[in-house]
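J.: So here's entry07.cif (mmCIF, C-alpha atoms).
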data_structure
#
loop_
_atom_site.label_atom_id
_atom_site.label_comp_id
_atom_site.auth_asym_id
_atom_site.auth_seq_id
_atom_site.Cartn_x
_atom_site.Cartn_y
_atom_site.Cartn_z
CA MET P 1 13.40 -23.24 -8.18
CA LYS P 2 16.39 -21.09 -9.04
CA ILE P 3 15.86 -17.55 -10.23
CA GLN P 4 18.32 -15.11 -11.74
CA THR P 5 18.54 -11.64 -10.22
CA THR P 6 20.74 -8.68 -11.05
CA ARG P 7 21.11 -7.57 -7.43
CA PHE P 8 21.46 -10.91 -5.64
CA GLY P 9 22.80 -13.24 -8.32
CA GLU P 10 21.18 -16.65 -8.49
CA VAL P 11 18.64 -17.18 -5.73
CA GLU P 12 16.97 -20.41 -4.69
CA VAL P 13 13.31 -19.91 -3.81
CA GLU P 14 10.62 -22.33 -2.78
CA ASP P 15 7.76 -22.52 -5.25
CA THR P 16 5.34 -21.95 -2.37
CA ARG P 17 6.81 -18.49 -1.72
CA VAL P 18 5.93 -17.10 -5.14
CA LEU P 19 3.53 -14.15 -5.07
CA ASN P 20 1.27 -13.79 -8.08
CA PHE P 21 -0.03 -10.38 -9.21
CA PRO P 22 -2.50 -11.30 -11.98
CA LYS P 23 -2.55 -7.70 -13.26
CA GLY P 24 1.15 -7.10 -12.68
CA LEU P 25 2.12 -3.78 -11.13
CA LEU P 26 1.05 -0.50 -12.75
CA GLY P 27 3.33 0.09 -15.70
CA PHE P 28 4.63 -3.50 -15.51
CA PRO P 29 1.63 -5.61 -16.55
CA LYS P 30 3.75 -8.37 -18.07
CA TYR P 31 5.58 -9.30 -14.89
CA GLN P 32 3.22 -11.08 -12.54
CA ASP P 33 5.33 -13.39 -10.38
CA TYR P 34 7.56 -12.15 -7.59
CA VAL P 35 9.26 -13.30 -4.43
CA LEU P 36 10.06 -11.32 -1.29
CA ILE P 37 13.73 -11.24 -0.37
CA GLU P 38 14.75 -9.82 2.99
CA SER P 39 16.92 -6.75 2.73
CA GLY P 40 18.55 -7.41 6.07
CA ASP P 41 22.26 -7.71 6.66
CA GLN P 42 23.13 -11.29 5.72
CA SER P 43 25.73 -11.42 8.50
CA ARG P 44 23.00 -10.90 11.09
CA PRO P 45 20.36 -13.42 10.07
CA ASN P 46 18.40 -13.00 13.28
CA GLU P 47 17.78 -9.31 12.82
CA GLU P 48 14.26 -8.65 11.62
CA SER P 49 13.99 -6.69 8.39
CA ASN P 50 11.90 -3.61 7.87
CA PHE P 51 12.51 -3.66 4.14
CA TRP P 52 12.18 -6.39 1.57
CA TRP P 53 12.89 -6.66 -2.12
CA LEU P 54 9.95 -7.65 -4.28
CA GLN P 55 11.95 -9.44 -6.95
CA SER P 56 10.50 -10.44 -10.30
CA ILE P 57 10.98 -14.09 -11.15
CA ASP P 58 11.00 -13.43 -14.88
CA LEU P 59 13.10 -10.28 -15.22
CA PRO P 60 16.39 -10.32 -13.28
CA GLU P 61 16.73 -6.53 -13.04
CA LEU P 62 13.14 -5.89 -11.95
CA ALA P 63 12.92 -5.50 -8.19
CA PHE P 64 11.25 -3.03 -5.87
CA VAL P 65 12.00 -2.16 -2.26
CA VAL P 66 8.85 -2.61 -0.21
CA THR P 67 8.03 -1.94 3.41
CA ASP P 68 5.17 -2.04 5.90
CA PRO P 69 3.84 1.54 5.69
CA THR P 70 2.42 1.54 9.22
CA LEU P 71 6.00 1.48 10.57
CA PHE P 72 6.25 5.06 9.34
CA VAL P 73 2.69 6.37 9.02
CA SER P 74 0.65 4.95 11.87
CA THR P 75 -2.61 6.44 10.59
CA TYR P 76 -2.33 4.72 7.20
CA LYS P 77 -5.21 2.41 6.33
CA VAL P 78 -6.13 0.89 2.99
CA PRO P 79 -9.88 0.64 2.48
CA ILE P 80 -10.75 -2.64 0.76
CA HIS P 81 -14.28 -2.99 -0.61
CA PRO P 82 -16.06 -6.36 -0.45
CA GLU P 83 -15.80 -6.58 -4.24
CA GLN P 84 -12.04 -6.07 -4.07
CA MET P 85 -11.81 -8.75 -1.39
CA LEU P 86 -13.51 -11.12 -3.81
CA GLY P 87 -11.04 -10.16 -6.53
CA LEU P 88 -8.13 -10.97 -4.24
CA GLY P 89 -9.85 -14.13 -3.00
CA LEU P 90 -9.79 -12.73 0.54
CA SER P 91 -12.17 -14.55 2.84
CA SER P 92 -10.96 -12.54 5.83
CA ILE P 93 -9.41 -9.09 6.03
CA ASP P 94 -6.86 -10.63 8.42
CA ASP P 95 -5.31 -12.41 5.43
CA ALA P 96 -4.53 -9.08 3.76
CA GLN P 97 -1.02 -7.73 4.13
CA VAL P 98 -0.21 -4.25 2.88
CA PHE P 99 3.16 -3.14 1.53
CA VAL P 100 4.17 0.05 -0.19
CA ILE P 101 6.90 0.50 -2.78
CA VAL P 102 9.84 2.58 -1.61
CA ASN P 103 11.74 5.06 -3.73
CA LYS P 104 14.78 7.16 -2.96
CA ARG P 105 15.00 10.81 -3.86
CA GLY P 106 18.08 12.59 -2.69
CA ASN P 107 18.62 11.38 0.85
CA VAL P 108 14.96 10.79 1.60
CA LEU P 109 13.18 7.47 1.27
CA THR P 110 9.61 7.91 0.10
CA GLY P 111 6.72 5.47 0.03
CA ASN P 112 4.02 5.21 -2.61
CA LEU P 113 1.04 5.31 -0.27
CA GLN P 114 -1.36 6.06 -3.08
CA GLY P 115 -0.62 2.77 -4.84
CA PRO P 116 -0.32 0.18 -2.06
CA LEU P 117 0.28 -3.50 -2.71
CA VAL P 118 -2.30 -5.70 -1.05
CA ILE P 119 -1.36 -9.35 -0.75
CA ASN P 120 -3.61 -12.21 0.26
CA VAL P 121 -1.14 -14.11 2.43
CA ALA P 122 -3.31 -17.23 2.31
CA SER P 123 -3.38 -17.54 -1.48
CA ARG P 124 -0.23 -15.46 -2.22
CA CYS P 125 -2.17 -13.39 -4.70
CA GLY P 126 -1.68 -9.64 -4.84
CA GLU P 127 -2.75 -6.43 -6.49
CA GLN P 128 -1.59 -2.84 -6.62
CA LEU P 129 -4.56 -0.71 -5.62
CA VAL P 130 -5.13 2.94 -6.46
CA LEU P 131 -6.46 5.03 -3.57
CA SER P 132 -8.51 8.14 -4.12
CA ASP P 133 -7.66 9.52 -0.68
CA ARG P 134 -5.63 12.60 -1.49
CA ARG P 135 -3.85 12.66 1.86
CA PHE P 136 -1.72 9.81 0.61
CA THR P 137 0.46 10.59 -2.38
CA THR P 138 2.93 8.55 -4.39
CA ARG P 139 5.83 10.23 -2.58
CA VAL P 140 5.25 10.32 1.15
CA PRO P 141 8.57 10.87 2.96
CA LEU P 142 9.29 7.89 5.23
CA ILE P 143 12.74 8.50 6.55
CA GLU P 144 15.66 10.84 6.02
CA LEU P 145 19.01 9.21 5.49
CA HIS P 146 22.03 10.74 7.11
CA GLN P 147 24.79 11.35 4.64
CA GLU P 148 28.14 9.89 5.52
CA ALA P 149 30.57 12.62 6.51
CA PRO P 150 32.76 13.29 3.49
CA THR P 151 36.21 11.81 3.86
CA ALA P 152 37.77 14.29 1.47
CA MET P 153 37.23 17.98 1.07
CA SER P 154 38.19 20.38 -1.63
CA ALA P 155 41.14 22.57 -0.77
CA MET Y 156 -11.69 7.05 -30.59
CA LEU Y 157 -15.47 7.24 -30.53
CA VAL Y 158 -16.58 10.84 -30.10
CA LEU Y 159 -20.11 11.64 -28.90
CA SER Y 160 -21.73 15.00 -28.28
CA ARG Y 161 -23.74 15.26 -25.07
CA GLN Y 162 -25.52 18.09 -23.34
CA ARG Y 163 -25.92 18.70 -19.63
CA ASP Y 164 -27.79 15.87 -17.86
CA GLU Y 165 -27.36 13.53 -20.80
CA THR Y 166 -25.75 10.16 -20.27
CA ILE Y 167 -23.76 7.55 -22.14
CA MET Y 168 -23.67 3.86 -21.30
CA ILE Y 169 -20.55 1.71 -21.48
CA GLY Y 170 -21.64 -1.89 -21.54
CA ASP Y 171 -24.67 -2.65 -19.38
CA GLU Y 172 -23.35 -1.35 -16.11
CA VAL Y 173 -21.37 1.85 -16.54
CA GLU Y 174 -23.18 5.18 -16.86
CA ILE Y 175 -21.45 8.49 -17.40
CA THR Y 176 -23.56 11.62 -17.05
CA VAL Y 177 -22.60 15.18 -17.87
CA VAL Y 178 -23.51 16.88 -14.61
CA ASP Y 179 -22.28 20.39 -15.29
CA ILE Y 180 -20.39 22.39 -17.90
CA ARG Y 181 -18.67 25.60 -16.94
CA GLY Y 182 -16.16 27.21 -19.29
CA ASP Y 183 -13.56 24.57 -20.10
CA LYS Y 184 -14.53 22.36 -17.16
CA VAL Y 185 -16.93 19.45 -17.42
CA ARG Y 186 -18.25 17.65 -14.33
CA LEU Y 187 -19.04 14.01 -14.92
CA GLY Y 188 -21.10 11.67 -12.77
CA ILE Y 189 -20.11 8.02 -13.01
CA ASN Y 190 -22.20 5.05 -11.98
CA ALA Y 191 -20.25 1.82 -12.10
CA PRO Y 192 -20.07 -1.42 -10.13
CA ARG Y 193 -17.45 -1.41 -7.38
CA THR Y 194 -15.46 -4.07 -9.25
CA ILE Y 195 -14.59 -1.40 -11.80
CA GLN Y 196 -12.09 1.08 -10.41
CA VAL Y 197 -12.68 4.65 -11.51
CA HIS Y 198 -9.86 7.15 -11.09
CA ARG Y 199 -8.49 10.23 -12.73
CA LYS Y 200 -5.94 9.14 -15.33
CA GLU Y 201 -3.25 11.38 -13.79
CA VAL Y 202 -3.34 9.24 -10.64
CA TYR Y 203 -2.66 6.06 -12.61
CA GLU Y 204 0.10 7.76 -14.54
CA ALA Y 205 1.69 9.09 -11.34
CA ILE Y 206 1.76 5.58 -9.86
CA GLN Y 207 3.16 4.11 -13.07
CA ARG Y 208 5.91 6.74 -13.11
CA GLU Y 209 6.67 6.15 -9.46
CA ASN Y 210 6.88 2.38 -10.01
CA ALA Y 211 9.23 2.90 -12.96
CA GLU Y 212 11.50 5.14 -10.86
CA ALA Y 213 11.39 2.88 -7.83
CA ALA Y 214 12.55 -0.02 -10.00
CA ASN Y 215 15.90 1.80 -10.25
CA VAL Y 216 16.64 1.65 -6.52
CA GLN Y 217 19.81 -0.36 -5.92
CA LEU Y 218 21.15 -2.38 -3.00
CA ASP Y 219 23.46 0.39 -1.83
CA ASP Y 220 20.54 2.79 -1.54
CA ILE Y 221 19.04 0.97 1.42
CA ASN Y 222 22.05 -0.90 2.81
CA GLY Y 223 22.27 -0.75 6.58
CA LEU Y 224 18.87 0.89 6.83
CA ASP Y 225 17.34 -1.79 8.99
CA GLN Y 226 19.84 -1.06 11.74
CA HIS Y 227 19.34 2.65 11.19
CA ILE Y 228 15.61 2.29 11.77
CA LYS Y 229 16.06 0.04 14.80
CA ARG Y 230 18.23 2.72 16.37
CA LYS Y 231 15.48 5.23 15.77
CA GLN Y 232 12.81 3.01 17.24
CA ARG Y 233 14.86 2.04 20.27
CA PRO Y 234 15.10 4.87 22.79
CA ALA Y 235 18.71 5.58 23.68
#
Hey, can you dump this file as structure tokens for me?

T.:
Amino acid sequence: MKIQTTRFGEVEVEDTRVLNFPKGLLGFPKYQDYVLIESGDQSRPNEESNFWWLQSIDLPELAFVVTDPTLFVSTYKVPIHPEQMLGLGLSSIDDAQVFVIVNKRGNVLTGNLQGPLVINVASRCGEQLVLSDRRFTTRVPLIELHQEAPTAMSA
Amino acid sequence: MLVLSRQRDETIMIGDEVEITVVDIRGDKVRLGINAPRTIQVHRKEVYEAIQRENAEAANVQLDDINGLDQHIKRKQRPA
């Protein structure tokens, strides 16, 4: 199927790659179907990405940067209760993949570790969970970006 | 909104499965005990609102904001 996106133009995606979030994401309950698009440099297709875009199928401008939080916070674990596993249709915890949504404030990328996305990779069904663990906030710094040296300076 | 008066140790039921008990009242602070099945998530509303706000802000991130980052991170991971 072809989808329209603001950031990538028209994108062809296989129907089997669609991720369904039956409850949407918090604050975006109406948008339930997404695809993951690699953020990697298109000129280096063999490079593995650390970031992906979670792109809405229905709203071209709606896309979130997501990443694997354990790349940055090795101690991060998302507790999933048996009842939540049922809700996600998870028969094994090995089918659960966790992403967090990335935001940029100033020159720091932050991750929302309090509201992780848990995806059942077998059924491609996902949910944004809310953790009560106060160690993990909505704005955990992941990486500091180095500003390009200014090419002009004021005289 | 339904408004009910309750005293300490009194409970209200929501449906058949959710119980909310006033555990303690001190000044302007009320401590509530909540019994609910695990399928029902119970959180302070501020936490939900913080995640909603963060989602809304994160939806504004553009391509340029993370361009070239994958290489950047690889450099960091790979010892020089």

J.: Can you give me, as a ChimeraX atom specification, the residues this file yields under the PyMOL selection byres ((chain Y) within 7 of (chain P))?

T.: /Y:193-194,206-207,209,213-214,216,218,223,225

J.: Which residues are near range 10-24 of chain P? Cut-off 12 Å, only C-alpha atoms, ignore same chain within fewer than 3 positions. Put them as a VMD selection string.

T.: (chain P and resid 1 to 7 27 to 37 54 to 58 60 to 61 87 to 89 117 to 129) or (chain Y and resid 207 210)

J.: Go ahead and save the picked residues with C-alpha atoms, as a PDB file, in the coordinates of the input.

T.:
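The file below, part-v3.pdb, is the result:
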ATOM      1  CA  MET P   1      13.400 -23.240  -8.180  1.00  0.00           C
ATOM      2  CA  LYS P   2      16.390 -21.090  -9.040  1.00  0.00           C
ATOM      3  CA  ILE P   3      15.860 -17.550 -10.230  1.00  0.00           C
ATOM      4  CA  GLN P   4      18.320 -15.110 -11.740  1.00  0.00           C
ATOM      5  CA  THR P   5      18.540 -11.640 -10.220  1.00  0.00           C
ATOM      6  CA  THR P   6      20.740  -8.680 -11.050  1.00  0.00           C
ATOM      7  CA  ARG P   7      21.110  -7.570  -7.430  1.00  0.00           C
ATOM      8  CA  GLY P  27       3.330   0.090 -15.700  1.00  0.00           C
ATOM      9  CA  PHE P  28       4.630  -3.500 -15.510  1.00  0.00           C
ATOM     10  CA  PRO P  29       1.630  -5.610 -16.550  1.00  0.00           C
ATOM     11  CA  LYS P  30       3.750  -8.370 -18.070  1.00  0.00           C
ATOM     12  CA  TYR P  31       5.580  -9.300 -14.890  1.00  0.00           C
ATOM     13  CA  GLN P  32       3.220 -11.080 -12.540  1.00  0.00           C
ATOM     14  CA  ASP P  33       5.330 -13.390 -10.380  1.00  0.00           C
ATOM     15  CA  TYR P  34       7.560 -12.150  -7.590  1.00  0.00           C
ATOM     16  CA  VAL P  35       9.260 -13.300  -4.430  1.00  0.00           C
ATOM     17  CA  LEU P  36      10.060 -11.320  -1.290  1.00  0.00           C
ATOM     18  CA  ILE P  37      13.730 -11.240  -0.370  1.00  0.00           C
ATOM     19  CA  LEU P  54       9.950  -7.650  -4.280  1.00  0.00           C
ATOM     20  CA  GLN P  55      11.950  -9.440  -6.950  1.00  0.00           C
ATOM     21  CA  SER P  56      10.500 -10.440 -10.300  1.00  0.00           C
ATOM     22  CA  ILE P  57      10.980 -14.090 -11.150  1.00  0.00           C
ATOM     23  CA  ASP P  58      11.000 -13.430 -14.880  1.00  0.00           C
ATOM     24  CA  PRO P  60      16.390 -10.320 -13.280  1.00  0.00           C
ATOM     25  CA  GLU P  61      16.730  -6.530 -13.040  1.00  0.00           C
ATOM     26  CA  GLY P  87     -11.040 -10.160  -6.530  1.00  0.00           C
ATOM     27  CA  LEU P  88      -8.130 -10.970  -4.240  1.00  0.00           C
ATOM     28  CA  GLY P  89      -9.850 -14.130  -3.000  1.00  0.00           C
ATOM     29  CA  LEU P 117       0.280  -3.500  -2.710  1.00  0.00           C
ATOM     30  CA  VAL P 118      -2.300  -5.700  -1.050  1.00  0.00           C
ATOM     31  CA  ILE P 119      -1.360  -9.350  -0.750  1.00  0.00           C
ATOM     32  CA  ASN P 120      -3.610 -12.210   0.260  1.00  0.00           C
ATOM     33  CA  VAL P 121      -1.140 -14.110   2.430  1.00  0.00           C
ATOM     34  CA  ALA P 122      -3.310 -17.230   2.310  1.00  0.00           C
ATOM     35  CA  SER P 123      -3.380 -17.540  -1.480  1.00  0.00           C
ATOM     36  CA  ARG P 124      -0.230 -15.460  -2.220  1.00  0.00           C
ATOM     37  CA  CYS P 125      -2.170 -13.390  -4.700  1.00  0.00           C
ATOM     38  CA  GLY P 126      -1.680  -9.640  -4.840  1.00  0.00           C
ATOM     39  CA  GLU P 127      -2.750  -6.430  -6.490  1.00  0.00           C
ATOM     40  CA  GLN P 128      -1.590  -2.840  -6.620  1.00  0.00           C
ATOM     41  CA  LEU P 129      -4.560  -0.710  -5.620  1.00  0.00           C
TER      42      LEU P 129
ATOM     43  CA  GLN Y 207       3.160   4.110 -13.070  1.00  0.00           C
ATOM     44  CA  ASN Y 210       6.880   2.380 -10.010  1.00  0.00           C
TER      45      ASN Y 210
END

J.: Please write the residues picked by the PyMOL selection byres ((chain Y and resi 187) around 8) on this file as a ChimeraX atom specification.

T.: /Y:175-179,185-186,188-189

J.: State, in Å with one decimal place, the distance from CA of Asp220 in chain Y to CA of Phe136 in chain P.

T.: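 Computed distance, CA of Asp220 in chain Y to CA of Phe136 in chain P, equals 23.4 Å.
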
J.: Could you add whatever atoms are missing so that range 206-217 of chain Y carries all heavy atoms, then write the result as a PDB file, keeping the file's coordinate frame?

T.:
ATOM      1  N   ILE Y 206       1.322   6.825 -10.496  1.00  0.00           N
ATOM      2  CA  ILE Y 206       1.760   5.580  -9.860  1.00  0.00           C
ATOM      3  C   ILE Y 206       2.646   4.783 -10.817  1.00  0.00           C
ATOM      4  O   ILE Y 206       3.659   4.207 -10.408  1.00  0.00           O
ATOM      5  CB  ILE Y 206       0.533   4.765  -9.389  1.00  0.00           C
ATOM      6  CG1 ILE Y 206      -0.146   5.517  -8.247  1.00  0.00           C
ATOM      7  CG2 ILE Y 206       0.942   3.358  -8.944  1.00  0.00           C
ATOM      8  CD1 ILE Y 206      -1.429   4.899  -7.753  1.00  0.00           C
ATOM      9  N   GLN Y 207       2.302   4.788 -12.094  1.00  0.00           N
ATOM     10  CA  GLN Y 207       3.160   4.110 -13.070  1.00  0.00           C
ATOM     11  C   GLN Y 207       4.560   4.724 -13.091  1.00  0.00           C
ATOM     12  O   GLN Y 207       5.560   4.014 -13.091  1.00  0.00           O
ATOM     13  CB  GLN Y 207       2.567   4.242 -14.481  1.00  0.00           C
ATOM     14  CG  GLN Y 207       1.384   3.331 -14.713  1.00  0.00           C
ATOM     15  CD  GLN Y 207       0.862   3.420 -16.134  1.00  0.00           C
ATOM     16  OE1 GLN Y 207       1.387   4.160 -16.952  1.00  0.00           O
ATOM     17  NE2 GLN Y 207      -0.185   2.665 -16.416  1.00  0.00           N
ATOM     18  N   ARG Y 208       4.607   6.051 -13.091  1.00  0.00           N
ATOM     19  CA  ARG Y 208       5.910   6.740 -13.110  1.00  0.00           C
ATOM     20  C   ARG Y 208       6.704   6.406 -11.865  1.00  0.00           C
ATOM     21  O   ARG Y 208       7.903   6.143 -11.919  1.00  0.00           O
ATOM     22  CB  ARG Y 208       5.694   8.258 -13.173  1.00  0.00           C
ATOM     23  CG  ARG Y 208       5.646   8.847 -14.553  1.00  0.00           C
ATOM     24  CD  ARG Y 208       5.931  10.351 -14.520  1.00  0.00           C
ATOM     25  NE  ARG Y 208       5.129  11.060 -13.538  1.00  0.00           N
ATOM     26  CZ  ARG Y 208       3.888  11.476 -13.759  1.00  0.00           C
ATOM     27  NH1 ARG Y 208       3.309  11.265 -14.919  1.00  0.00           N
ATOM     28  NH2 ARG Y 208       3.213  12.116 -12.819  1.00  0.00           N
ATOM     29  N   GLU Y 209       5.995   6.417 -10.718  1.00  0.00           N
ATOM     30  CA  GLU Y 209       6.670   6.150  -9.460  1.00  0.00           C
ATOM     31  C   GLU Y 209       7.201   4.721  -9.437  1.00  0.00           C
ATOM     32  O   GLU Y 209       8.324   4.467  -8.987  1.00  0.00           O
ATOM     33  CB  GLU Y 209       5.694   6.396  -8.296  1.00  0.00           C
ATOM     34  CG  GLU Y 209       6.328   6.561  -6.947  1.00  0.00           C
ATOM     35  CD  GLU Y 209       7.287   7.731  -6.856  1.00  0.00           C
ATOM     36  OE1 GLU Y 209       7.174   8.677  -7.657  1.00  0.00           O
ATOM     37  OE2 GLU Y 209       8.170   7.678  -5.982  1.00  0.00           O
ATOM     38  N   ASN Y 210       6.414   3.769  -9.923  1.00  0.00           N
ATOM     39  CA  ASN Y 210       6.880   2.380 -10.010  1.00  0.00           C
ATOM     40  C   ASN Y 210       8.136   2.293 -10.867  1.00  0.00           C
ATOM     41  O   ASN Y 210       9.115   1.628 -10.499  1.00  0.00           O
ATOM     42  CB  ASN Y 210       5.798   1.486 -10.629  1.00  0.00           C
ATOM     43  CG  ASN Y 210       4.697   1.112  -9.638  1.00  0.00           C
ATOM     44  OD1 ASN Y 210       4.797   1.394  -8.453  1.00  0.00           O
ATOM     45  ND2 ASN Y 210       3.657   0.470 -10.135  1.00  0.00           N
ATOM     46  N   ALA Y 211       8.098   2.976 -12.030  1.00  0.00           N
ATOM     47  CA  ALA Y 211       9.230   2.900 -12.960  1.00  0.00           C
ATOM     48  C   ALA Y 211      10.491   3.455 -12.294  1.00  0.00           C
ATOM     49  O   ALA Y 211      11.580   2.895 -12.424  1.00  0.00           O
ATOM     50  CB  ALA Y 211       8.917   3.658 -14.237  1.00  0.00           C
ATOM     51  N   GLU Y 212      10.330   4.562 -11.541  1.00  0.00           N
ATOM     52  CA  GLU Y 212      11.500   5.140 -10.860  1.00  0.00           C
ATOM     53  C   GLU Y 212      11.981   4.248  -9.728  1.00  0.00           C
ATOM     54  O   GLU Y 212      13.177   4.060  -9.544  1.00  0.00           O
ATOM     55  CB  GLU Y 212      11.117   6.500 -10.271  1.00  0.00           C
ATOM     56  CG  GLU Y 212      11.477   7.664 -11.136  1.00  0.00           C
ATOM     57  CD  GLU Y 212      11.411   8.959 -10.340  1.00  0.00           C
ATOM     58  OE1 GLU Y 212      11.918   8.984  -9.201  1.00  0.00           O
ATOM     59  OE2 GLU Y 212      10.825   9.914 -10.874  1.00  0.00           O
ATOM     60  N   ALA Y 213      11.026   3.700  -8.988  1.00  0.00           N
ATOM     61  CA  ALA Y 213      11.390   2.880  -7.830  1.00  0.00           C
ATOM     62  C   ALA Y 213      12.110   1.612  -8.259  1.00  0.00           C
ATOM     63  O   ALA Y 213      12.883   1.035  -7.496  1.00  0.00           O
ATOM     64  CB  ALA Y 213      10.152   2.546  -7.002  1.00  0.00           C
ATOM     65  N   ALA Y 214      11.872   1.182  -9.506  1.00  0.00           N
ATOM     66  CA  ALA Y 214      12.550  -0.020 -10.000  1.00  0.00           C
ATOM     67  C   ALA Y 214      14.044   0.220 -10.192  1.00  0.00           C
ATOM     68  O   ALA Y 214      14.805  -0.722 -10.409  1.00  0.00           O
ATOM     69  CB  ALA Y 214      11.912  -0.468 -11.319  1.00  0.00           C
ATOM     70  N   ASN Y 215      14.465   1.488 -10.100  1.00  0.00           N
ATOM     71  CA  ASN Y 215      15.900   1.800 -10.250  1.00  0.00           C
ATOM     72  C   ASN Y 215      16.656   1.800  -8.929  1.00  0.00           C
ATOM     73  O   ASN Y 215      17.867   1.983  -8.925  1.00  0.00           O
ATOM     74  CB  ASN Y 215      16.065   3.178 -10.890  1.00  0.00           C
ATOM     75  CG  ASN Y 215      15.573   3.194 -12.315  1.00  0.00           C
ATOM     76  OD1 ASN Y 215      15.757   2.219 -13.046  1.00  0.00           O
ATOM     77  ND2 ASN Y 215      14.922   4.272 -12.712  1.00  0.00           N
ATOM     78  N   VAL Y 216      15.962   1.644  -7.816  1.00  0.00           N
ATOM     79  CA  VAL Y 216      16.640   1.650  -6.520  1.00  0.00           C
ATOM     80  C   VAL Y 216      17.594   0.454  -6.463  1.00  0.00           C
ATOM     81  O   VAL Y 216      17.250  -0.648  -6.884  1.00  0.00           O
ATOM     82  CB  VAL Y 216      15.623   1.604  -5.362  1.00  0.00           C
ATOM     83  CG1 VAL Y 216      16.328   1.482  -4.022  1.00  0.00           C
ATOM     84  CG2 VAL Y 216      14.733   2.843  -5.371  1.00  0.00           C
ATOM     85  N   GLN Y 217      18.803   0.699  -5.977  1.00  0.00           N
ATOM     86  CA  GLN Y 217      19.810  -0.360  -5.920  1.00  0.00           C
ATOM     87  C   GLN Y 217      20.106  -0.759  -4.469  1.00  0.00           C
ATOM     88  O   GLN Y 217      19.703  -0.085  -3.537  1.00  0.00           O
ATOM     89  CB  GLN Y 217      21.095   0.104  -6.618  1.00  0.00           C
ATOM     90  CG  GLN Y 217      20.898   0.434  -8.097  1.00  0.00           C
ATOM     91  CD  GLN Y 217      20.358  -0.739  -8.909  1.00  0.00           C
ATOM     92  OE1 GLN Y 217      20.770  -1.888  -8.708  1.00  0.00           O
ATOM     93  NE2 GLN Y 217      19.428  -0.464  -9.809  1.00  0.00           N
TER      94      GLN Y 217
END
